[in-house]
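Here's the structure, in C-alpha cells; my notes come after.
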Amino acid sequence: MSQTNRRNFLKTSGIIAGTAAATGFVARSAHAEGSDKIKAVLIGCGGRGKGAASDFLQNENTEVIAVADAFEDNAKGAANQFKIAEDKVFWGFDAYRKVLAIAEAQYVIIATPPGFRPIHFKAAIEAGKNVFMEKPCCVDAPGFNMLIEAAKMADAKGLKVGVGLQRHHQQSYINGINEIIDGKYGDILYTRVYWNGGGVWVRGRQPQWTEMEYQMRNWYYFNWLCGDNICEQHVHNIDIGNWVMTVTDPNADMFEKYAHPVEVNAMGGREVRKNNPNFGEIFDHHFCEFTYADGRKMFSQCRHQPNTWNSVSEAAHGTKGYGGVSSRGGGRGPYQQEHTDLIAAIKSGAKYNEAYLGAYSSMTAVIGRMASYSGKTIKWDDAVKNGKADMIYEGHDQLTMQSEAPVKPLDAPTAAGEGYAIAVPGVWMPW
C-alpha cells in the first residue's frame with residue numbers, strides 16, 4: 001500500500017478511534033440504529049464511576065439498573081444518585097459477580113481501582129456483556145496478559161469494548177492525528193509526553209479502619225491497586241505517544257498490533273512524599289526513555305510535586321518540524337462521546353474493541369514503573385513473561401475488609417517517616 005493510500009485508509013477505515021467513532025457520524029448513528037434501551041450496571045461507585053455513569057446517561061434510551069462496590073457507603077451513594085432499586089445495590093469484593101448475573105444488563109461500566117480491572121473485565125466478557133472500562137487497564141504483567149486473553153474472547157463473542165482513554169474521542173486529538181498522518185511534521189522520529197502536576201487527593205487513616213480498608217480507601221498510593229501515578233494518570237499521555245507511533249507505522253493497527261515500546265530505561269524517586277506514610281509506597285516522579293522496534297523513541301515525564309513546572313501535554317518531532325499532537329478543537333465533550341461511540345457500535349454491530357490499546361498503553365506505563373523502580377533496562381517481552389504480580393489474582397472474591405492486605409506496613413516506621421517499604425533503584429527487582 002502506498003503512503004498516500006495508507007493515509008486515506010487510516011482516516012476513513014475507522015482505525016483512528018476503533019470505528020467510524022472518530023467523527024460526528026457516530027453521534028448521529030447512535031440514534032438511527034434501533035431504539036431499544038441500553039441497560040447498564042456500574043461496578044465501582046467512586047467519583048470516576050459515578051462520572052462515567054452520568055456521561056453514559058447523556059445518551060438517549062439509556063438506564064443504569066444496578067450498582068456494585070466494595071464499600072456499602074459508595075454503593076448506596078450511587079444508588080441514591082441513579083435511583084436504583086434496593087435489590088439491585090450490592091457491596092463487597094464479590095459484588096461485581098451479582099450485577100454481572102443480571103440478564104437484562106447489556107452494558108457494564110467498570111471503574112473500580114485499576115488493580116481490579118483485568119479481573120472485572122474478564123468476568124464481564126465471560127458473562128457476555130459489552131464493556132466500558134476506565135483506564136488504566138492493569139497494574140502488572142499478569143493483569144496485562146489477562147486483558148489480552150479477555151480482549152480476544154470479546155472479539156470471538158462479538159462484544160464491544162470501550163476504554164476511558166477519551167482523547168481517542170476528542171476532536172482536537174482526532175484532527176491532530178489526521179494532520180500527523182498527512183505529514184504535518186514529516187516522518188515521526190520521537191514524541192515527548194508529560195503529566196507533571198502537584199498531586200492528587202490523599203485519605204488519612206481512620207482509627208476504625210483495618211489495614212485492608214485503609215489501603216482500599218487510599219488506593220492511589222498502593223501499587224496493587226493503582227500502579228503508581230505513571231500508570232493511573234500518565235497513561236493518558238503515554239497512550240498518545242503509542243497512538244502517534246501506531247498511525248505512522250505501516251505494520252501497526254488499532255487492535256492487536258497497537259504500537260508499543262520494546263524496551264525502556266528510566267529513573268525516578270520519592271522526594272516530596274518521603275516524610276508521610278499516608279502516601280503509601282509510590283514515587284512522586286518518573287522519567288522514561290521508551291524505544292520502539294523501529295528505533296523511534298518516546299520521552300516521558302510525570303511528577304506529583306507542588307510548586308514545580310506543570311504540563312499535561314504531548315508533542316511529536318519529525319523530519320519537517322515538531323509541535324503538539326492536539327490541534328484545533330470543537331465537537332462534543334470526549335467523556336460523553338466515548339459512550340456515544342460505544343453505544344453506536346453495539347447497535348450497528350461494527351467492530352469495536354479498545355481493550356487492546358488500553359492494555360498495551362497500560363502495560364507501557366507498567367514497564368516504565370518497573371524500570372524506574374529497578375534502575376534497569378526493561379524489555380517488553382521479559383516483562384510480559386516474567387513480571388511479578390502486584391494484584392491479588394487468586395481468591396479475590398473471598399476478600400473482606402478484615403483480610404490481610406498484600407502490602408504490609410513497616411513494624412517500625414523509618415526515620416524519614418516512611419510507613420511502607422519503598423523501592424530502591426539498584427535493589428528492587430522486577431521479577
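How things are named: the first chain in the C-alpha cells is A, the next is B, and so on; residues count from 1 in each chain; ligands count from 1 in the order shown.
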List every residue of segment 112-204 of chain A that has an atom at most 9 Å from any atom of segment 74-97 of chain A, and for each one report the closest atom pair and its distance in Å to one decimal, counting only C-alpha atoms, with rows sorted by chain and then by increasing residue number, as CSV.
```
residue,atom,partner,partner_atom,distance
A:His120,CA,A:Tyr96,CA,7.2
A:Ala123,CA,A:Arg97,CA,7.8
A:Ala124,CA,A:Arg97,CA,8.6
```
Item checked: Residue list (helix (DSSP H, G or I), DSSP) for segment 150-255 of chain A, as a VMD selection string -> chain A and resid 150 to 157 166 to 169 171 to 181 211 to 217 219 to 221 229 to 232 235 to 247
Next item on the list: Within 9 Å of Thr248 of chain A, counting only C-alpha atoms, which residues show up once you throw out same-chain ones fewer than 5 positions away? Write them as a ChimeraX atom specification, please.
Entry: /A:7,180-181,187-188,243
Set out as a Markdown table a contact list for segment 210-288 of chain A and segment 398-417 of chain A with a cut-off of 12 Å, giving each residue of segment 210-288 of chain A that qualifies its closest atom pair and distance in Å to one decimal, counting only C-alpha atoms, ordered by chain and rising residue number.
```
| residue | atom | partner | partner_atom | distance |
| --- | --- | --- | --- | --- |
| A:Thr210 | CA | A:Gln402 | CA | 6.4 |
| A:Glu211 | CA | A:Ala405 | CA | 6.3 |
| A:Met212 | CA | A:Ala405 | CA | 4.8 |
| A:Glu213 | CA | A:Met401 | CA | 5.3 |
| A:Tyr214 | CA | A:Met401 | CA | 9.0 |
| A:Gln215 | CA | A:Ala405 | CA | 7.6 |
| A:Met216 | CA | A:Met401 | CA | 8.6 |
| A:Arg217 | CA | A:Met401 | CA | 10.6 |
| A:Trp219 | CA | A:Val407 | CA | 11.4 |
| A:Tyr221 | CA | A:Val407 | CA | 10.8 |
| A:Phe222 | CA | A:Val407 | CA | 7.7 |
| A:Asn223 | CA | A:Val407 | CA | 8.7 |
| A:Trp224 | CA | A:Pro406 | CA | 7.7 |
| A:Leu225 | CA | A:Pro406 | CA | 10.1 |
| A:Arg270 | CA | A:Ala416 | CA | 11.4 |
| A:Glu271 | CA | A:Ala416 | CA | 10.7 |
| A:Val272 | CA | A:Ala416 | CA | 11.4 |
| A:Arg273 | CA | A:Gly417 | CA | 9.7 |
| A:Lys274 | CA | A:Ala416 | CA | 6.7 |
| A:Asn275 | CA | A:Gly417 | CA | 4.6 |
| A:Asn276 | CA | A:Gly417 | CA | 5.7 |
| A:Pro277 | CA | A:Gly417 | CA | 6.3 |
| A:Asn278 | CA | A:Gly417 | CA | 9.8 |
| A:Phe279 | CA | A:Gly417 | CA | 10.5 |
| A:Gly280 | CA | A:Pro409 | CA | 8.9 |
| A:Glu281 | CA | A:Val407 | CA | 8.9 |
| A:Ile282 | CA | A:Val407 | CA | 11.8 |
```
Write the selection just made, keeping N, CA and C atoms, as a PDB file, in the first residue's frame?
```pdb
ATOM      1  N   THR A 210      -9.500  -1.172  59.228  1.00  0.00           N
ATOM      2  CA  THR A 210      -8.445  -2.179  59.166  1.00  0.00           C
ATOM      3  C   THR A 210      -7.396  -1.728  58.158  1.00  0.00           C
ATOM      4  N   GLU A 211      -6.258  -2.426  58.109  1.00  0.00           N
ATOM      5  CA  GLU A 211      -5.237  -2.096  57.109  1.00  0.00           C
ATOM      6  C   GLU A 211      -5.784  -2.273  55.700  1.00  0.00           C
ATOM      7  N   MET A 212      -6.576  -3.327  55.470  1.00  0.00           N
ATOM      8  CA  MET A 212      -7.165  -3.542  54.147  1.00  0.00           C
ATOM      9  C   MET A 212      -8.085  -2.388  53.772  1.00  0.00           C
ATOM     10  N   GLU A 213      -8.939  -1.970  54.685  1.00  0.00           N
ATOM     11  CA  GLU A 213      -9.838  -0.862  54.364  1.00  0.00           C
ATOM     12  C   GLU A 213      -9.052   0.416  54.117  1.00  0.00           C
ATOM     13  N   TYR A 214      -8.020   0.655  54.908  1.00  0.00           N
ATOM     14  CA  TYR A 214      -7.208   1.849  54.689  1.00  0.00           C
ATOM     15  C   TYR A 214      -6.615   1.853  53.289  1.00  0.00           C
ATOM     16  N   GLN A 215      -6.038   0.735  52.859  1.00  0.00           N
ATOM     17  CA  GLN A 215      -5.435   0.690  51.529  1.00  0.00           C
ATOM     18  C   GLN A 215      -6.495   0.813  50.438  1.00  0.00           C
ATOM     19  N   MET A 216      -7.654   0.216  50.643  1.00  0.00           N
ATOM     20  CA  MET A 216      -8.725   0.332  49.650  1.00  0.00           C
ATOM     21  C   MET A 216      -9.253   1.764  49.569  1.00  0.00           C
ATOM     22  N   ARG A 217      -9.370   2.438  50.694  1.00  0.00           N
ATOM     23  CA  ARG A 217      -9.852   3.831  50.686  1.00  0.00           C
ATOM     24  C   ARG A 217      -8.791   4.782  50.120  1.00  0.00           C
ATOM     25  N   TRP A 219      -6.440   4.136  47.897  1.00  0.00           N
ATOM     26  CA  TRP A 219      -5.911   3.194  46.905  1.00  0.00           C
ATOM     27  C   TRP A 219      -4.870   3.796  45.976  1.00  0.00           C
ATOM     28  N   TYR A 221      -2.219   5.178  46.461  1.00  0.00           N
ATOM     29  CA  TYR A 221      -0.838   5.147  46.950  1.00  0.00           C
ATOM     30  C   TYR A 221      -0.288   3.738  47.152  1.00  0.00           C
ATOM     31  N   PHE A 222      -0.986   2.736  46.569  1.00  0.00           N
ATOM     32  CA  PHE A 222      -0.539   1.348  46.692  1.00  0.00           C
ATOM     33  C   PHE A 222      -0.535   0.699  45.311  1.00  0.00           C
ATOM     34  N   ASN A 223       0.584   0.089  44.952  1.00  0.00           N
ATOM     35  CA  ASN A 223       0.753  -0.410  43.591  1.00  0.00           C
ATOM     36  C   ASN A 223      -0.198  -1.538  43.234  1.00  0.00           C
ATOM     37  N   TRP A 224      -0.600  -2.366  44.180  1.00  0.00           N
ATOM     38  CA  TRP A 224      -1.520  -3.455  43.845  1.00  0.00           C
ATOM     39  C   TRP A 224      -2.879  -2.927  43.407  1.00  0.00           C
ATOM     40  N   LEU A 225      -3.200  -1.697  43.794  1.00  0.00           N
ATOM     41  CA  LEU A 225      -4.476  -1.091  43.435  1.00  0.00           C
ATOM     42  C   LEU A 225      -4.353  -0.038  42.342  1.00  0.00           C
ATOM     43  N   ARG A 270      11.177   9.418  45.180  1.00  0.00           N
ATOM     44  CA  ARG A 270      10.140   9.855  46.116  1.00  0.00           C
ATOM     45  C   ARG A 270      10.773  10.922  46.999  1.00  0.00           C
ATOM     46  N   GLU A 271      10.586  12.153  46.612  1.00  0.00           N
ATOM     47  CA  GLU A 271      11.225  13.257  47.324  1.00  0.00           C
ATOM     48  C   GLU A 271      10.220  14.008  48.192  1.00  0.00           C
ATOM     49  N   VAL A 272       9.156  14.506  47.580  1.00  0.00           N
ATOM     50  CA  VAL A 272       8.159  15.271  48.323  1.00  0.00           C
ATOM     51  C   VAL A 272       7.365  14.371  49.267  1.00  0.00           C
ATOM     52  N   ARG A 273       7.125  13.141  48.858  1.00  0.00           N
ATOM     53  CA  ARG A 273       6.269  12.244  49.638  1.00  0.00           C
ATOM     54  C   ARG A 273       7.005  11.450  50.712  1.00  0.00           C
ATOM     55  N   LYS A 274       8.309  11.576  50.788  1.00  0.00           N
ATOM     56  CA  LYS A 274       9.075  10.619  51.575  1.00  0.00           C
ATOM     57  C   LYS A 274       8.871  10.742  53.079  1.00  0.00           C
ATOM     58  N   ASN A 275       8.311  11.815  53.560  1.00  0.00           N
ATOM     59  CA  ASN A 275       8.164  12.001  55.004  1.00  0.00           C
ATOM     60  C   ASN A 275       6.743  11.778  55.503  1.00  0.00           C
ATOM     61  N   ASN A 276       5.901  11.142  54.709  1.00  0.00           N
ATOM     62  CA  ASN A 276       4.498  10.995  55.093  1.00  0.00           C
ATOM     63  C   ASN A 276       4.003   9.601  54.757  1.00  0.00           C
ATOM     64  N   PRO A 277       3.695   8.775  55.761  1.00  0.00           N
ATOM     65  CA  PRO A 277       3.228   7.417  55.485  1.00  0.00           C
ATOM     66  C   PRO A 277       1.867   7.364  54.814  1.00  0.00           C
ATOM     67  N   ASN A 278       1.113   8.472  54.817  1.00  0.00           N
ATOM     68  CA  ASN A 278      -0.169   8.487  54.115  1.00  0.00           C
ATOM     69  C   ASN A 278       0.003   8.358  52.611  1.00  0.00           C
ATOM     70  N   PHE A 279       1.225   8.557  52.109  1.00  0.00           N
ATOM     71  CA  PHE A 279       1.489   8.440  50.681  1.00  0.00           C
ATOM     72  C   PHE A 279       1.934   7.036  50.299  1.00  0.00           C
ATOM     73  N   GLY A 280       1.700   6.056  51.164  1.00  0.00           N
ATOM     74  CA  GLY A 280       1.902   4.666  50.813  1.00  0.00           C
ATOM     75  C   GLY A 280       3.293   4.353  50.311  1.00  0.00           C
ATOM     76  N   GLU A 281       3.358   3.744  49.106  1.00  0.00           N
ATOM     77  CA  GLU A 281       4.630   3.228  48.597  1.00  0.00           C
ATOM     78  C   GLU A 281       5.030   3.787  47.241  1.00  0.00           C
ATOM     79  N   ILE A 282       4.252   4.722  46.678  1.00  0.00           N
ATOM     80  CA  ILE A 282       4.532   5.142  45.307  1.00  0.00           C
ATOM     81  C   ILE A 282       5.551   6.276  45.260  1.00  0.00           C
TER      82      ILE A 282
END
```
Note to self: When you count only C-alpha atoms, which of these residues is closest to Asp69 of chain A: A:Val193, A:Val161, A:Ile422, A:Val99?
What the structure shows: A:Val99
Which residues, written as a PDB file with N, CA and C atoms, in the first residue's frame, have at least one atom at most 10 Å from Trp431 of chain A, with only C-alpha atoms counted and residues fewer than 4 positions away on the same chain left out?
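Generated output (part34.pdb):
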```
ATOM      1  N   MET A 370       8.504  -0.259  36.286  1.00  0.00           N
ATOM      2  CA  MET A 370       9.475  -1.311  36.593  1.00  0.00           C
ATOM      3  C   MET A 370      10.903  -0.810  36.385  1.00  0.00           C
ATOM      4  N   ASP A 382      10.372  -9.578  28.210  1.00  0.00           N
ATOM      5  CA  ASP A 382      10.748 -10.097  29.527  1.00  0.00           C
ATOM      6  C   ASP A 382       9.710  -9.712  30.574  1.00  0.00           C
ATOM      7  N   ALA A 383       9.250  -8.474  30.505  1.00  0.00           N
ATOM      8  CA  ALA A 383       8.278  -8.003  31.492  1.00  0.00           C
ATOM      9  C   ALA A 383       6.959  -8.746  31.370  1.00  0.00           C
ATOM     10  N   LYS A 385       6.434 -11.679  30.172  1.00  0.00           N
ATOM     11  CA  LYS A 385       6.594 -13.094  30.532  1.00  0.00           C
ATOM     12  C   LYS A 385       6.892 -13.290  32.013  1.00  0.00           C
ATOM     13  N   ASN A 386       7.708 -12.422  32.592  1.00  0.00           N
ATOM     14  CA  ASN A 386       8.247 -12.675  33.933  1.00  0.00           C
ATOM     15  C   ASN A 386       7.827 -11.673  35.001  1.00  0.00           C
ATOM     16  N   GLY A 387       7.167 -10.592  34.610  1.00  0.00           N
ATOM     17  CA  GLY A 387       6.820  -9.557  35.583  1.00  0.00           C
ATOM     18  C   GLY A 387       5.981 -10.096  36.723  1.00  0.00           C
ATOM     19  N   LYS A 388       6.314  -9.695  37.939  1.00  0.00           N
ATOM     20  CA  LYS A 388       5.628 -10.243  39.108  1.00  0.00           C
ATOM     21  C   LYS A 388       4.261  -9.595  39.300  1.00  0.00           C
ATOM     22  N   ALA A 389       3.400 -10.301  40.009  1.00  0.00           N
ATOM     23  CA  ALA A 389       2.054  -9.811  40.289  1.00  0.00           C
ATOM     24  C   ALA A 389       2.071  -8.873  41.486  1.00  0.00           C
TER      25      ALA A 389
END
```
Note to self: Please list as a ChimeraX atom specification every residue within 8 Å of Gly241 of chain A, counting only C-alpha atoms and excluding residues in the same chain fewer than 5 positions away.
What the structure shows: /A:191-193,298,314
Checklist line | Test item: residues at most 9 Å from Pro136 of chain A, only C-alpha atoms, excluding those fewer than 3 positions along its chain, as a list in words | finding: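 After dropping sequence-adjacent residues, the list is Pro114, Gly115, Arg117, Met133, Val139, Val163, Gly164, Leu165, Cys226, Gly227, Cys231, Glu232, Gln233, Val235, His236, Gly358, Ala359, Ser361, Ser362, Met363 and Ala365 of chain A.
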Note to self: DSSP on the backbone: which residues in segment 285-407 of chain A end up as strand (DSSP E)? Give the answer as a list of chain:residue names.
What the structure shows: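 Checking each residue of segment 285-407 of chain A, the strand (DSSP E) ones are A:His285, A:His286, A:Phe287, A:Cys288, A:Glu289, A:Phe290, A:Thr291, A:Lys297, A:Met298, A:Phe299, A:Ser300, A:Gln301, A:Cys302, A:Arg303, A:His304, A:Ser311, A:Val312, A:Ser313, A:Glu314, A:Ala315, A:Ala316, A:His317, A:Gly318, A:Gly321, A:Tyr322, A:Gly323, A:Gly324, A:Ile378, A:Lys379.
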Margin query: Neighbouring residues of Trp428 of chain A were defined as those with any atom within 12 Å, considering only C-alpha atoms; residues of the same chain fewer than 3 positions away were excluded. Please report them as a ChimeraX atom specification.
Written below: /A:369-376,388,421-425,431
Restricting the output to C-alpha atoms, write the selected residues as a PDB file, in the first residue's frame.
```pdb
ATOM      1  CA  ARG A 369       7.486   1.938  36.542  1.00  0.00           C
ATOM      2  CA  MET A 370       9.475  -1.311  36.593  1.00  0.00           C
ATOM      3  CA  ALA A 371      12.455   0.469  35.031  1.00  0.00           C
ATOM      4  CA  SER A 372      12.137   3.465  37.343  1.00  0.00           C
ATOM      5  CA  TYR A 373      11.905   1.335  40.487  1.00  0.00           C
ATOM      6  CA  SER A 374      14.725  -1.020  39.488  1.00  0.00           C
ATOM      7  CA  GLY A 375      17.085   1.334  37.656  1.00  0.00           C
ATOM      8  CA  LYS A 376      17.465  -1.358  34.999  1.00  0.00           C
ATOM      9  CA  LYS A 388       5.628 -10.243  39.108  1.00  0.00           C
ATOM     10  CA  ALA A 421       8.876  -0.273  52.152  1.00  0.00           C
ATOM     11  CA  ILE A 422       9.836   1.950  49.215  1.00  0.00           C
ATOM     12  CA  ALA A 423      11.502   0.678  46.035  1.00  0.00           C
ATOM     13  CA  VAL A 424      15.224   1.495  45.872  1.00  0.00           C
ATOM     14  CA  PRO A 425      16.771   1.590  42.363  1.00  0.00           C
ATOM     15  CA  TRP A 431      10.847 -10.310  38.792  1.00  0.00           C
TER      16      TRP A 431
END
```
Notebook entry, point to check: A:Gly183, A:Leu342, A:Gly419, A:Gly197: which is nearest Asn307 of chain A, counting only C-alpha atoms?
Noted result: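 Of the candidates, the smallest distance to Asn307 of chain A is held by A:Gly197.
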What are the nearest atom pairs, with distances in Å to one decimal, for all residues of segment 95-182 of chain A that come at most 10 Å from segment 322-332 of chain A, using only C-alpha atoms, set out by chain and rising residue number as JSON lines?
```
{"residue": "A:Arg167", "atom": "CA", "partner": "A:Ser326", "partner_atom": "CA", "distance": 9.2}
{"residue": "A:His169", "atom": "CA", "partner": "A:Arg332", "partner_atom": "CA", "distance": 8.9}
{"residue": "A:Gln170", "atom": "CA", "partner": "A:Gly331", "partner_atom": "CA", "distance": 7.5}
{"residue": "A:Gln171", "atom": "CA", "partner": "A:Gly329", "partner_atom": "CA", "distance": 5.4}
{"residue": "A:Ser172", "atom": "CA", "partner": "A:Gly329", "partner_atom": "CA", "distance": 3.9}
{"residue": "A:Tyr173", "atom": "CA", "partner": "A:Ser326", "partner_atom": "CA", "distance": 4.5}
{"residue": "A:Ile174", "atom": "CA", "partner": "A:Ser326", "partner_atom": "CA", "distance": 7.7}
{"residue": "A:Asn175", "atom": "CA", "partner": "A:Ser327", "partner_atom": "CA", "distance": 6.0}
{"residue": "A:Gly176", "atom": "CA", "partner": "A:Ser327", "partner_atom": "CA", "distance": 4.6}
{"residue": "A:Ile177", "atom": "CA", "partner": "A:Val325", "partner_atom": "CA", "distance": 6.6}
{"residue": "A:Asn178", "atom": "CA", "partner": "A:Ser327", "partner_atom": "CA", "distance": 9.5}
{"residue": "A:Glu179", "atom": "CA", "partner": "A:Ser327", "partner_atom": "CA", "distance": 8.3}
{"residue": "A:Ile180", "atom": "CA", "partner": "A:Val325", "partner_atom": "CA", "distance": 7.8}
```
Notebook entry, point to check: atom CA of Val131 of chain A and atom CA of Leu100 of chain A, how far apart in Å?
Noted result: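 Atom-to-atom, atom CA of Leu100 of chain A to atom CA of Val131 of chain A, that is 11.0 Å.
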